$ cat input_29.cif   # mmCIF, C-alpha atoms
data_start
#
loop_
_atom_site.label_atom_id
_atom_site.label_comp_id
_atom_site.auth_asym_id
_atom_site.auth_seq_id
_atom_site.Cartn_x
_atom_site.Cartn_y
_atom_site.Cartn_z
CA MET A 1 6.86 19.51 -23.51
CA ALA A 2 4.03 21.80 -22.65
CA VAL A 3 2.86 25.36 -22.20
CA ILE A 4 2.84 26.80 -18.70
CA THR A 5 0.51 29.70 -18.03
CA VAL A 6 0.63 31.65 -14.79
CA ASP A 7 -2.25 34.05 -14.29
CA LYS A 8 -2.52 36.73 -11.55
CA LEU A 9 -0.67 34.46 -9.15
CA CYS A 10 -0.65 35.61 -5.51
CA LYS A 11 0.88 34.12 -2.41
CA ARG A 12 0.33 35.39 1.10
CA TYR A 13 1.82 33.41 3.98
CA THR A 14 -0.27 33.19 7.13
CA GLY A 15 0.98 35.87 9.49
CA GLY A 16 3.01 37.58 6.76
CA ALA A 17 2.47 41.33 6.50
CA ALA A 18 3.09 41.80 2.79
CA PRO A 19 2.27 39.23 0.10
CA ALA A 20 5.28 37.17 -0.97
CA VAL A 21 4.07 37.13 -4.58
CA SER A 22 1.41 39.44 -5.93
CA ASP A 23 -0.25 39.45 -9.31
CA VAL A 24 2.32 37.57 -11.36
CA SER A 25 1.30 36.62 -14.88
CA PHE A 26 3.39 35.08 -17.66
CA THR A 27 3.34 32.32 -20.22
CA VAL A 28 6.15 29.90 -20.97
CA ALA A 29 5.77 28.57 -24.50
CA ASP A 30 6.62 25.02 -25.50
CA ARG A 31 10.41 24.59 -25.78
CA GLU A 32 10.94 28.12 -24.48
CA PHE A 33 13.83 28.67 -22.10
CA MET A 34 12.74 31.18 -19.50
CA VAL A 35 14.74 32.86 -16.76
CA LEU A 36 13.31 34.60 -13.69
CA LEU A 37 15.69 37.20 -12.38
CA GLY A 38 15.52 39.28 -9.24
CA PRO A 39 17.05 40.12 -5.87
CA SER A 40 16.87 37.49 -3.14
CA GLY A 41 13.57 37.35 -1.32
CA CYS A 42 11.57 38.76 -4.21
CA GLY A 43 9.55 35.61 -4.71
CA LYS A 44 11.25 33.73 -7.56
CA SER A 45 11.35 30.45 -5.67
CA THR A 46 7.85 30.94 -4.35
CA VAL A 47 6.55 31.21 -7.90
CA LEU A 48 8.46 28.09 -8.91
CA ARG A 49 7.25 26.22 -5.85
CA MET A 50 3.66 27.16 -6.65
CA ILE A 51 4.07 25.95 -10.24
CA ALA A 52 5.56 22.70 -8.93
CA GLY A 53 2.75 22.28 -6.41
CA LEU A 54 4.89 22.48 -3.29
CA GLU A 55 3.23 25.64 -2.04
CA PRO A 56 -0.53 26.26 -1.87
CA ILE A 57 -1.72 29.13 -4.07
CA THR A 58 -3.49 32.04 -2.39
CA SER A 59 -5.17 33.32 -5.56
CA GLY A 60 -4.67 33.22 -9.32
CA THR A 61 -4.07 30.11 -11.41
CA VAL A 62 -1.26 27.92 -12.70
CA SER A 63 -2.12 25.94 -15.80
CA ILE A 64 -0.12 23.42 -17.73
CA ASP A 65 -1.32 22.82 -21.30
CA GLY A 66 -4.52 24.67 -20.53
CA ARG A 67 -5.38 22.53 -17.53
CA ILE A 68 -5.64 24.42 -14.23
CA MET A 69 -3.27 22.78 -11.76
CA ASN A 70 -4.13 24.63 -8.55
CA GLN A 71 -5.61 21.56 -6.85
CA VAL A 72 -3.41 18.91 -8.50
CA PRO A 73 -0.84 17.44 -6.08
CA ALA A 74 2.84 17.90 -6.97
CA LYS A 75 3.44 14.28 -7.88
CA LEU A 76 0.69 14.31 -10.55
CA ARG A 77 1.91 17.46 -12.33
CA ASP A 78 4.77 15.63 -14.08
CA ILE A 79 7.24 18.40 -13.36
CA ALA A 80 10.95 18.15 -12.69
CA MET A 81 12.75 20.59 -10.44
CA VAL A 82 16.34 21.07 -9.42
CA PHE A 83 16.69 22.37 -5.89
CA GLN A 84 19.29 24.76 -4.57
CA SER A 85 20.85 22.05 -2.39
CA TYR A 86 20.65 19.28 -5.04
CA ALA A 87 18.31 17.26 -2.79
CA LEU A 88 19.85 13.90 -3.63
CA TYR A 89 18.84 11.12 -1.26
CA PRO A 90 22.11 10.33 0.52
CA HIS A 91 21.05 6.81 1.50
CA MET A 92 20.29 5.73 -2.07
CA THR A 93 22.57 4.80 -4.96
CA VAL A 94 22.84 7.03 -8.03
CA TYR A 95 20.59 4.59 -9.89
CA GLU A 96 17.96 4.67 -7.16
CA ASN A 97 18.07 8.45 -7.04
CA LEU A 98 17.45 8.69 -10.76
CA ALA A 99 14.89 5.90 -10.93
CA LEU A 100 12.73 7.04 -8.03
CA PRO A 101 10.25 9.36 -9.82
CA GLY A 102 9.75 6.80 -12.57
CA ALA A 103 9.32 4.00 -10.06
CA CYS A 104 6.67 6.02 -8.21
CA THR A 105 4.82 6.76 -11.46
CA LEU A 106 4.90 3.09 -12.49
CA ARG A 107 3.59 2.05 -9.09
CA ARG A 108 0.81 4.64 -9.27
CA GLU A 109 -0.22 3.48 -12.73
CA SER A 110 -0.30 -0.17 -11.71
CA TRP A 111 -2.43 0.81 -8.73
CA ASP A 112 -4.81 2.75 -10.97
CA SER A 113 -5.18 -0.13 -13.39
CA ARG A 114 -5.79 -2.56 -10.55
CA SER A 115 -8.44 -0.43 -8.88
CA SER A 116 -10.34 0.38 -12.06
CA MET B 1 66.75 22.30 20.35
CA ALA B 2 63.76 24.58 20.45
CA THR B 3 61.42 21.97 19.03
CA GLN B 4 62.72 19.48 21.54
CA ALA B 5 61.96 21.83 24.39
CA ARG B 6 58.45 22.41 23.11
CA PHE B 7 57.96 18.70 22.72
CA GLY B 8 58.95 18.33 26.37
CA PHE B 9 56.55 21.06 27.39
CA GLU B 10 53.71 19.38 25.51
CA GLN B 11 54.43 16.16 27.39
CA VAL B 12 54.33 17.99 30.71
CA ARG B 13 51.13 19.74 29.78
CA ARG B 14 49.48 16.41 29.16
CA VAL B 15 50.33 15.02 32.58
CA PRO B 16 47.31 16.53 34.40
CA LEU B 17 45.02 15.32 31.62
CA VAL B 18 46.38 11.79 31.77
CA LEU B 19 46.16 11.87 35.56
CA PHE B 20 42.54 12.99 35.38
CA VAL B 21 41.63 10.31 32.85
CA LEU B 22 43.36 7.67 34.98
CA LEU B 23 41.49 8.82 38.08
CA TYR B 24 38.20 8.90 36.21
CA THR B 25 38.77 5.39 34.84
CA LEU B 26 39.55 4.18 38.35
CA VAL B 27 36.40 5.75 39.79
CA THR B 28 34.10 4.39 37.08
CA GLY B 29 35.84 1.12 36.31
CA GLY B 30 36.80 0.22 39.88
CA PRO B 31 33.33 -0.60 41.22
CA PHE B 32 32.57 -2.44 38.02
CA LEU B 33 35.62 -4.69 38.38
CA TRP B 34 34.79 -5.17 42.05
CA VAL B 35 31.30 -6.41 41.20
CA ALA B 36 32.75 -8.60 38.47
CA ALA B 37 35.11 -10.15 41.03
CA MET B 38 32.32 -10.60 43.58
CA SER B 39 30.06 -12.23 41.02
CA LEU B 40 32.50 -15.15 40.94
CA ARG B 41 32.80 -15.49 44.74
CA THR B 42 30.42 -16.89 47.32
CA THR B 43 28.83 -14.64 49.90
CA ALA B 44 30.86 -16.29 52.67
CA GLU B 45 34.10 -15.53 50.81
CA ILE B 46 33.03 -11.95 50.22
CA PHE B 47 32.29 -11.36 53.90
CA LYS B 48 35.67 -12.82 54.85
CA ALA B 49 37.62 -10.61 52.42
CA PRO B 50 35.48 -8.02 50.61
CA TYR B 51 38.19 -6.98 48.16
CA GLY B 52 39.64 -10.41 47.49
CA LEU B 53 40.30 -11.86 44.07
CA PRO B 54 37.98 -14.49 42.62
CA ALA B 55 40.21 -17.49 43.31
CA PRO B 56 38.90 -20.09 42.95
CA ALA B 57 36.38 -18.67 40.46
CA HIS B 58 32.87 -20.02 41.05
CA TRP B 59 31.58 -19.94 37.47
CA GLU B 60 28.76 -22.26 38.51
CA LYS B 61 27.20 -19.29 40.33
CA PHE B 62 25.98 -18.01 36.97
CA VAL B 63 24.24 -21.32 36.31
CA ASP B 64 22.77 -21.24 39.81
CA ALA B 65 21.58 -17.68 39.35
CA TRP B 66 19.97 -18.48 36.02
CA THR B 67 18.18 -21.64 37.16
CA LYS B 68 17.73 -21.68 40.95
CA SER B 69 17.60 -17.97 41.70
CA ASN B 70 15.09 -17.15 38.97
CA TYR B 71 17.40 -14.74 37.12
CA GLY B 72 16.41 -16.50 33.90
CA THR B 73 12.80 -15.43 34.39
CA TYR B 74 13.82 -11.90 35.35
CA PHE B 75 16.08 -11.67 32.31
CA TRP B 76 13.35 -12.68 29.87
CA ASN B 77 10.83 -10.40 31.59
CA SER B 78 13.26 -7.51 31.21
CA THR B 79 13.97 -8.42 27.60
CA PHE B 80 10.27 -8.66 26.76
CA VAL B 81 9.38 -5.35 28.40
CA VAL B 82 12.38 -3.39 27.17
CA VAL B 83 12.45 -4.64 23.58
CA ILE B 84 8.75 -3.99 23.02
CA ALA B 85 8.81 -0.66 24.84
CA VAL B 86 11.86 0.55 22.91
CA ALA B 87 10.36 -0.55 19.58
CA LEU B 88 7.10 1.25 20.31
CA VAL B 89 8.68 4.39 21.71
CA THR B 90 11.04 4.63 18.74
CA VAL B 91 8.36 4.25 16.08
CA ILE B 92 5.80 6.49 17.78
CA GLY B 93 8.41 9.03 18.84
CA ALA B 94 9.95 9.16 15.36
CA MET B 95 6.54 9.74 13.76
CA ALA B 96 5.76 12.53 16.20
CA ALA B 97 9.21 14.07 15.75
CA HIS B 98 8.87 13.94 11.97
CA CYS B 99 5.50 15.70 12.04
CA LEU B 100 6.66 18.34 14.51
CA ALA B 101 9.82 19.00 12.51
CA ARG B 102 8.24 19.02 9.05
CA TYR B 103 4.67 20.21 9.13
CA ASN B 104 3.18 23.49 10.20
CA PHE B 105 -0.22 22.73 11.58
CA ARG B 106 -2.68 24.44 13.86
CA GLY B 107 -1.77 23.74 17.48
CA GLY B 108 1.61 22.34 16.51
CA ARG B 109 3.43 24.51 19.01
CA LEU B 110 1.03 23.42 21.75
CA VAL B 111 1.48 19.72 20.96
CA HIS B 112 5.21 20.27 20.91
CA PHE B 113 5.11 21.98 24.28
CA LEU B 114 2.87 19.32 25.83
CA ILE B 115 5.08 16.44 24.68
CA LEU B 116 8.31 18.08 25.77
CA SER B 117 6.84 19.09 29.13
CA GLY B 118 7.10 15.38 29.92
CA LEU B 119 10.85 15.98 30.20
CA VAL B 120 10.55 18.15 33.27
CA LEU B 121 8.19 15.94 35.26
CA PRO B 122 9.97 13.90 37.91
CA PRO B 123 8.85 10.25 37.59
CA GLN B 124 7.95 10.09 41.28
CA LEU B 125 5.14 12.55 40.56
CA LEU B 126 3.43 10.09 38.25
CA ILE B 127 3.58 7.01 40.45
CA LEU B 128 0.28 7.42 42.31
CA ALA B 129 -1.71 8.35 39.24
CA LEU B 130 -0.18 5.54 37.19
CA PHE B 131 -0.89 3.03 39.94
CA GLN B 132 -4.55 4.06 40.05
CA ILE B 133 -4.96 4.14 36.26
CA LEU B 134 -3.38 0.74 35.77
CA LEU B 135 -5.63 -0.70 38.50
CA ASP B 136 -8.68 0.76 36.76
CA ILE B 137 -7.82 -0.73 33.38
CA ASN B 138 -6.73 -4.07 34.86
CA LEU B 139 -3.12 -3.69 33.82
CA TYR B 140 -1.64 -3.37 37.30
CA ASN B 141 0.95 -6.09 37.98
CA THR B 142 1.25 -6.98 34.29
CA LEU B 143 4.21 -6.65 31.95
CA THR B 144 1.91 -5.07 29.34
CA GLY B 145 1.08 -2.31 31.80
CA LEU B 146 4.77 -1.70 32.46
CA VAL B 147 5.45 -1.52 28.70
CA LEU B 148 2.75 1.14 28.31
CA VAL B 149 4.16 3.15 31.20
CA TYR B 150 7.67 2.97 29.76
CA VAL B 151 6.48 4.11 26.35
CA ALA B 152 4.52 7.00 27.82
CA THR B 153 7.31 8.21 30.07
CA HIS B 154 10.05 8.02 27.45
CA ILE B 155 8.25 9.54 24.49
CA ALA B 156 9.31 13.03 25.53
CA MET B 157 13.04 12.38 25.46
CA THR B 158 12.77 10.38 22.23
CA VAL B 159 10.87 13.15 20.47
CA TYR B 160 13.34 15.70 21.81
CA ILE B 161 16.37 13.83 20.43
CA LEU B 162 14.81 12.93 17.09
CA GLU B 163 13.10 16.23 16.36
CA GLY B 164 16.30 18.20 16.71
CA PHE B 165 17.99 15.93 14.19
CA PHE B 166 15.06 15.62 11.79
CA ALA B 167 14.64 19.39 11.66
CA GLN B 168 18.16 19.70 10.27
CA ILE B 169 17.50 17.53 7.24
CA PRO B 170 17.23 20.00 4.34
CA GLN B 171 13.66 20.84 3.38
CA ASP B 172 14.61 20.45 -0.29
CA LEU B 173 14.86 16.69 0.18
CA PHE B 174 11.25 16.54 1.31
CA ASP B 175 10.07 18.79 -1.50
CA ALA B 176 11.91 16.57 -3.96
CA ALA B 177 10.32 13.48 -2.42
CA ARG B 178 6.87 15.03 -2.78
CA MET B 179 7.46 15.84 -6.44
CA ASP B 180 8.90 12.37 -7.07
CA GLY B 181 5.64 10.91 -5.84
CA TYR B 182 6.23 9.72 -2.30
CA SER B 183 3.20 9.80 -0.03
CA ASP B 184 3.42 11.48 3.37
CA PHE B 185 4.04 8.17 5.11
CA GLU B 186 6.68 7.15 2.56
CA ILE B 187 8.45 10.46 3.09
CA PHE B 188 8.68 9.56 6.77
CA TRP B 189 9.64 5.94 6.24
CA ARG B 190 11.95 6.21 3.24
CA VAL B 191 13.49 9.66 3.62
CA THR B 192 13.39 10.78 7.27
CA MET B 193 14.11 7.41 8.86
CA PRO B 194 17.11 6.35 6.71
CA ILE B 195 18.69 9.80 6.81
CA GLY B 196 17.94 10.18 10.50
CA ALA B 197 19.29 6.69 11.28
CA PRO B 198 22.17 7.92 13.49
CA ALA B 199 19.70 9.83 15.67
CA VAL B 200 17.33 6.87 15.72
CA PHE B 201 20.16 4.60 16.85
CA THR B 202 21.02 7.09 19.57
CA ALA B 203 17.44 7.12 20.80
CA VAL B 204 17.21 3.32 20.70
CA THR B 205 20.45 2.84 22.62
CA LEU B 206 19.69 5.49 25.22
CA ASN B 207 16.16 4.23 25.79
CA PHE B 208 17.36 0.65 25.98
CA ILE B 209 19.97 1.42 28.61
CA ILE B 210 17.64 3.60 30.68
CA LEU B 211 14.72 1.17 30.55
CA TRP B 212 16.89 -1.87 31.17
CA ASN B 213 17.96 -0.26 34.46
CA GLU B 214 14.55 1.20 35.29
CA PHE B 215 13.61 0.48 38.87
CA LEU B 216 11.04 2.89 40.26
CA PHE B 217 8.05 2.13 38.02
CA ALA B 218 8.82 -1.60 38.02
CA VAL B 219 8.98 -1.86 41.81
CA VAL B 220 5.67 -0.05 42.24
CA LEU B 221 3.74 -1.59 39.36
CA LEU B 222 4.84 -5.24 39.62
CA THR B 223 4.29 -7.49 42.64
CA ASP B 224 4.52 -11.13 41.49
CA ASP B 225 7.95 -12.72 41.68
CA GLU B 226 7.23 -14.30 38.29
CA LYS B 227 6.89 -10.88 36.68
CA ARG B 228 9.91 -9.14 38.17
CA THR B 229 12.38 -7.44 35.87
CA LEU B 230 16.13 -7.73 36.46
CA PRO B 231 16.62 -4.67 38.69
CA LEU B 232 13.86 -5.94 41.00
CA GLY B 233 15.29 -9.45 40.98
CA ILE B 234 18.66 -8.10 42.09
CA MET B 235 17.10 -6.04 44.86
CA HIS B 236 15.38 -9.19 46.08
CA PHE B 237 18.77 -10.58 47.15
CA THR B 238 19.68 -7.63 49.30
CA GLY B 239 16.27 -7.26 50.89
CA SER B 240 15.34 -7.14 54.57
CA HIS B 241 14.95 -10.87 54.97
CA GLN B 242 18.15 -11.96 53.28
CA LEU B 243 21.49 -10.55 52.31
CA ASP B 244 23.05 -12.65 49.56
CA VAL B 245 25.64 -10.20 48.28
CA GLY B 246 27.33 -12.82 46.13
CA MET B 247 24.15 -13.72 44.29
CA ALA B 248 23.22 -10.04 43.87
CA ALA B 249 26.63 -9.46 42.29
CA THR B 250 26.12 -12.37 39.91
CA GLY B 251 22.71 -10.95 39.00
CA LEU B 252 24.27 -7.54 38.40
CA MET B 253 26.75 -9.04 35.97
CA ILE B 254 23.94 -10.81 34.12
CA ALA B 255 22.09 -7.50 33.94
CA ILE B 256 25.14 -5.50 32.86
CA LEU B 257 26.35 -7.79 30.07
CA PRO B 258 23.63 -6.96 27.47
CA ILE B 259 24.25 -3.25 28.01
CA ILE B 260 27.96 -3.69 27.40
CA VAL B 261 27.26 -5.67 24.24
CA ILE B 262 24.82 -3.03 22.96
CA TYR B 263 27.16 -0.20 23.81
CA ALA B 264 30.07 -1.95 22.12
CA PHE B 265 28.07 -2.28 18.94
CA PHE B 266 26.36 1.09 18.85
CA SER B 267 28.59 3.52 20.73
CA GLU B 268 30.13 4.86 17.54
CA THR B 269 26.81 5.48 15.78
CA MET B 270 25.44 6.85 19.03
CA ILE B 271 28.18 9.43 19.43
CA LYS B 272 27.80 10.30 15.75
CA GLY B 273 24.10 10.87 16.35
CA MET B 274 24.69 13.04 19.40
CA THR B 275 27.31 15.24 17.77
CA ALA B 276 25.83 15.35 14.26
CA GLY B 277 23.94 18.53 15.13
CA ALA B 278 27.13 20.46 15.80
CA VAL B 279 28.99 19.14 12.77
CA ARG B 280 26.39 19.92 10.16
#

$ encode --input "input_29.cif" --output "structure tokens"
Amino acid sequence: MAVITVDKLCKRYTGGAAPAVSDVSFTVADREFMVLLGPSGCGKSTVLRMIAGLEPITSGTVSIDGRIMNQVPAKLRDIAMVFQSYALYPHMTVYENLALPGACTLRRESWDSRSS
Amino acid sequence: MATQARFGFEQVRRVPLVLFVLLYTLVTGGPFLWVAAMSLRTTAEIFKAPYGLPAPAHWEKFVDAWTKSNYGTYFWNSTFVVVIAVALVTVIGAMAAHCLARYNFRGGRLVHFLILSGLVLPPQLLILALFQILLDINLYNTLTGLVLVYVATHIAMTVYILEGFFAQIPQDLFDAARMDGYSDFEIFWRVTMPIGAPAVFTAVTLNFIILWNEFLFAVVLLTDDEKRTLPLGIMHFTGSHQLDVGMAATGLMIAILPIIVIYAFFSETMIKGMTAGAVR
């Protein structure tokens, strides 16, 4: 587990009048169970998506264990996320669905060791 | 008693529908059966009795067509051109559709508009320009040139079919794939393509049928007898210098058979692909 620190996080979509997320700061301690609550459209998912690396950050920082993650691609952040619509791959078996992230990590590591 | 009366009414109500379907089958199936009958009769027999039955059946006409009348060459030319063109148009079109459906990028709307504007251009408009361009790049009167033309002219429809379907795949799946560690190309190849398979099948089948029957570009861009595709080969037998209706009919049957086979295999997936948008 790890500590997640969100500092003055802002998100402004291109063409959007108001910022979707402005100035959000919080820390999630190791083994802490945290809940974000709010009306729909208030930016909960946007914050989560920025922490996961699915959405570029306009300003502010997201750090995991003290390391700033703003420029780290989603697949290297070692984060798991459950989506609203499950997002299971319908063409894969249960095993393949579960094994996919691990398989991708293994492949990446074998690539890294080969290239270095 | 009441249910019986309603049952009777239902039966009566279905009469016009059944009549319509029967009539429609007659109109579409009639000419087909006629050609099938003619393909087994000699031209002399056909001129004597145009609507006669194929008795005796001249099966050897198919052998003649394949060997003596060059239909074998035409068939392989058509197969070569259509298979390669369909493969290219599907892969390129699917990639374009995936990008247009999934990514927001500068000029995306413009690219989208430009590709889909190909749908409204009548093919006759392109003939002169295509002829000149193919001459300039030494691809006039080659099968390769025809393949390129087919790919270019059918990209629009392919992108149109695929993009609509791809856009309906939930975004969450793509986000999940990104977090799981798929690269952009893998997302296309391992998420979009398998999930979009019904739409891809639809595009493949439609393109195959349309290109297999394509006549206009082929007749303008090919001149050698050796390079003719099937539609041109068939036309050859009803040209100004000869009128071999029997042989043309045999050629038509040879041309039609692969389409029937493809349709028999893929019609179900195809209809699924075409209606999936409404169901979801």

$ interface_residues --input "input_29.cif" --of "chain A" --to "chain B" --cutoff "9 Å" --atoms "only C-alpha atoms" --output "mmCIF file with C-alpha atoms, keeping the file's coordinate frame"
data_model
loop_
_atom_site.group_PDB
_atom_site.id
_atom_site.type_symbol
_atom_site.label_atom_id
_atom_site.label_comp_id
_atom_site.auth_asym_id
_atom_site.auth_seq_id
_atom_site.Cartn_x
_atom_site.Cartn_y
_atom_site.Cartn_z
ATOM 1 C CA ALA A 52 5.560 22.700 -8.930
ATOM 2 C CA GLY A 53 2.750 22.280 -6.410
ATOM 3 C CA LEU A 54 4.890 22.480 -3.290
ATOM 4 C CA PRO A 73 -0.840 17.440 -6.080
ATOM 5 C CA ALA A 74 2.840 17.900 -6.970
ATOM 6 C CA LYS A 75 3.440 14.280 -7.880
ATOM 7 C CA LEU A 76 0.690 14.310 -10.550
ATOM 8 C CA ARG A 77 1.910 17.460 -12.330
ATOM 9 C CA ASP A 78 4.770 15.630 -14.080
ATOM 10 C CA ILE A 79 7.240 18.400 -13.360
ATOM 11 C CA ALA A 80 10.950 18.150 -12.690
ATOM 12 C CA MET A 81 12.750 20.590 -10.440
ATOM 13 C CA VAL A 82 16.340 21.070 -9.420
ATOM 14 C CA PHE A 83 16.690 22.370 -5.890
ATOM 15 C CA GLN A 84 19.290 24.760 -4.570
ATOM 16 C CA SER A 85 20.850 22.050 -2.390
ATOM 17 C CA TYR A 86 20.650 19.280 -5.040
ATOM 18 C CA ALA A 87 18.310 17.260 -2.790
ATOM 19 C CA LEU A 88 19.850 13.900 -3.630
ATOM 20 C CA TYR A 89 18.840 11.120 -1.260
ATOM 21 C CA PRO A 90 22.110 10.330 0.520
ATOM 22 C CA HIS A 91 21.050 6.810 1.500
ATOM 23 C CA LEU A 100 12.730 7.040 -8.030
ATOM 24 C CA PRO A 101 10.250 9.360 -9.820
ATOM 25 C CA GLY A 102 9.750 6.800 -12.570
ATOM 26 C CA ALA A 103 9.320 4.000 -10.060
ATOM 27 C CA CYS A 104 6.670 6.020 -8.210
ATOM 28 C CA THR A 105 4.820 6.760 -11.460
ATOM 29 C CA ARG A 108 0.810 4.640 -9.270
#

$ atom_distance --input "input_29.cif" --atom1 "atom CA of B:Pro123" --atom2 "atom CA of B:Thr144"
18.7 Å

$ resolve_selection --input "input_29.cif" --expression "the PyMOL selection byres ((chain B and resi 161) around 9)" --output "number ranges by chain"
B: 97, 156-160, 162-166, 199-200, 202-203, 274

$ resolve_selection --input "input_29.cif" --expression "the PyMOL selection byres ((chain B and resi 36) around 10)" --output "list of chain:residue names"
B:Gly30, B:Pro31, B:Phe32, B:Leu33, B:Trp34, B:Val35, B:Ala37, B:Met38, B:Ser39, B:Leu40, B:Arg41, B:Leu53, B:Pro54, B:Ala249, B:Thr250, B:Leu252, B:Met253, B:Ile256

$ resolve_selection --input "input_29.cif" --expression "the PyMOL selection byres ((chain B and resi 72-74) around 10)" --output "ChimeraX atom specification"
/B:63-71,75-80,225-234,251,254-255

$ atom_distance --input "input_29.cif" --atom1 "atom CA of B:Cys99" --atom2 "atom CA of B:Asp184"
9.9 Å

$ atom_distance --input "input_29.cif" --atom1 "atom CA of B:Val151" --atom2 "atom CA of B:Val89"
5.1 Å

$ closest_residue --input "input_29.cif" --among "B:Leu243, B:Val82, B:Met193, B:Ile46" --to "B:Glu214" --atoms "all atoms listed in the file"
B:Val82

$ residues_around --input "input_29.cif" --residues "A:Val28" --least-positions-apart "6" --cutoff "7 Å" --atoms "all atoms listed in the file" --output "JSON, numbers by chain"
{"A": [3, 4, 5, 34]}

$ write_last_selection --input "input_29.cif" --atoms "C-alpha atoms" --output "PDB file, keeping the file's coordinate frame"
ATOM      1  CA  VAL A   3       2.860  25.360 -22.200  1.00  0.00           C
ATOM      2  CA  ILE A   4       2.840  26.800 -18.700  1.00  0.00           C
ATOM      3  CA  THR A   5       0.510  29.700 -18.030  1.00  0.00           C
ATOM      4  CA  MET A  34      12.740  31.180 -19.500  1.00  0.00           C
TER       5      MET A  34
END
